[in-house]
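Engineer: Sharing a structure, written as structure tokens. Questions coming.
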Amino acid sequence: MDITIFVKSRSQPESPYSVNFIIVDGMLRIRCSCPAGIHGQLCKHKTSFIEGYNKMLYDISQKEILADIISTIQDSPIFDELSKIIKRKMEIEKIQQKLKKELKDIKLDLTLKFKNGIKL
């Protein structure tokens, strides 16, 4: 089975990305034509579809096709493990965002101290 789903591109709304779901001999492969996907990275399109999120669909008529794919994935024994991995990824990304903000605040504080002078 080789099914292509088209997803919205925030940067180029008129040019959708394609997400390919390929199932051969019980093996699932998911490929995406977005910049991250082209470079072999995990993208939000892949993970969103696995989680059942369909708001990114470019062509709403593909909603049933996507539902069938998601059902196939969710019925597989590996789905629980995939869900745990994706959930942990999201948790780590939230921590990264928090740390990134904290680092930015620290750099700003140091910059102001150096600019205004530090009493010795």
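For the structure tokens, the naming scheme is as follows: chains receive sequential letters (A, B, ...) according to their order of presentation, residues are indexed from 1 within each chain, and ligands are indexed from 1 in presentation order.
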Residues at most 8 Å from segment 7-13 of chain A, counting only C-alpha atoms, excluding those fewer than 3 positions away in the same chain, as number ranges by chain?
Structural biologist: A: 16-19, 45, 56-59
Engineer: Write down as a VMD selection string the residues belonging to chain A that are assigned alpha helix (DSSP H) by DSSP computed on the backbone.
Structural biologist: chain A and resid 35 to 38 44 to 50 63 to 74 79 to 116
Engineer: Hey, which of A:Ser83, A:Ser15, A:Gln62, A:Thr72 ends up closest to Thr47 of chain A? Count only C-alpha atoms.
Structural biologist: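 Answer, going by the shortest atom-to-atom distance: A:Ser83.
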Engineer: Rank A:Leu99, A:Ile69, A:Cys43, A:Ala36 by their smallest atom-to-atom distance to Thr4 of chain A, using only C-alpha atoms, and report the top residue only.
Structural biologist: A:Ile69
Engineer: Using only C-alpha atoms, which residues sit within 8 Å of Ala67 of chain A once same-chain residues fewer than 4 positions away are excluded, as a list in words?
Structural biologist: Gly52, Lys63 and Ser71 of chain A
Engineer: For N, CA and C atoms, I'd like the residues from the last selection saved as an mmCIF file, in the first residue's frame.
Structural biologist:
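Final file, result_37.cif:
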data_model
loop_
_atom_site.group_PDB
_atom_site.id
_atom_site.type_symbol
_atom_site.label_atom_id
_atom_site.label_comp_id
_atom_site.auth_asym_id
_atom_site.auth_seq_id
_atom_site.Cartn_x
_atom_site.Cartn_y
_atom_site.Cartn_z
ATOM 1 N N GLY A 52 -3.527 11.177 14.983
ATOM 2 C CA GLY A 52 -4.912 11.305 14.558
ATOM 3 C C GLY A 52 -5.365 12.719 14.284
ATOM 4 N N LYS A 63 -9.930 13.077 4.092
ATOM 5 C CA LYS A 63 -10.159 12.813 5.510
ATOM 6 C C LYS A 63 -10.422 11.327 5.792
ATOM 7 N N SER A 71 -6.259 4.442 11.510
ATOM 8 C CA SER A 71 -6.846 3.250 12.122
ATOM 9 C C SER A 71 -5.897 2.052 12.005
#
Engineer: Using DSSP on the backbone, list every residue of chain A that comes out as strand (DSSP E), and give them as an MDAnalysis selection string.
Structural biologist: chainID A and resid 2:7 17:24 27:32
Engineer: Neighbouring residues of Phe21 of chain A were defined as those with any atom within 10 Å, considering only C-alpha atoms; residues of the same chain fewer than 6 positions away were excluded. Please report them as a ChimeraX atom specification.
Structural biologist: /A:1-5,28-32,46,66,69
Engineer: Save the residues we just selected, C-alpha atoms, as a short mmCIF file (atom, residue, chain, number, x, y, z; two decimals), in the first residue's frame?
Structural biologist:
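This is the output file selection-v9.cif:
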data_model
loop_
_atom_site.label_atom_id
_atom_site.label_comp_id
_atom_site.auth_asym_id
_atom_site.auth_seq_id
_atom_site.Cartn_x
_atom_site.Cartn_y
_atom_site.Cartn_z
CA MET A 1 0.00 0.00 0.00
CA ASP A 2 1.35 3.43 -0.94
CA ILE A 3 -0.94 6.34 -0.12
CA THR A 4 -0.16 10.04 -0.43
CA ILE A 5 -1.89 12.63 1.76
CA LEU A 28 5.32 1.20 7.77
CA ARG A 29 7.37 3.99 6.26
CA ILE A 30 6.29 7.62 6.38
CA ARG A 31 7.92 10.23 4.18
CA CYS A 32 7.15 13.94 3.95
CA LYS A 46 4.25 12.75 10.40
CA LEU A 66 -6.32 9.44 6.44
CA ILE A 69 -4.40 4.95 7.63
#
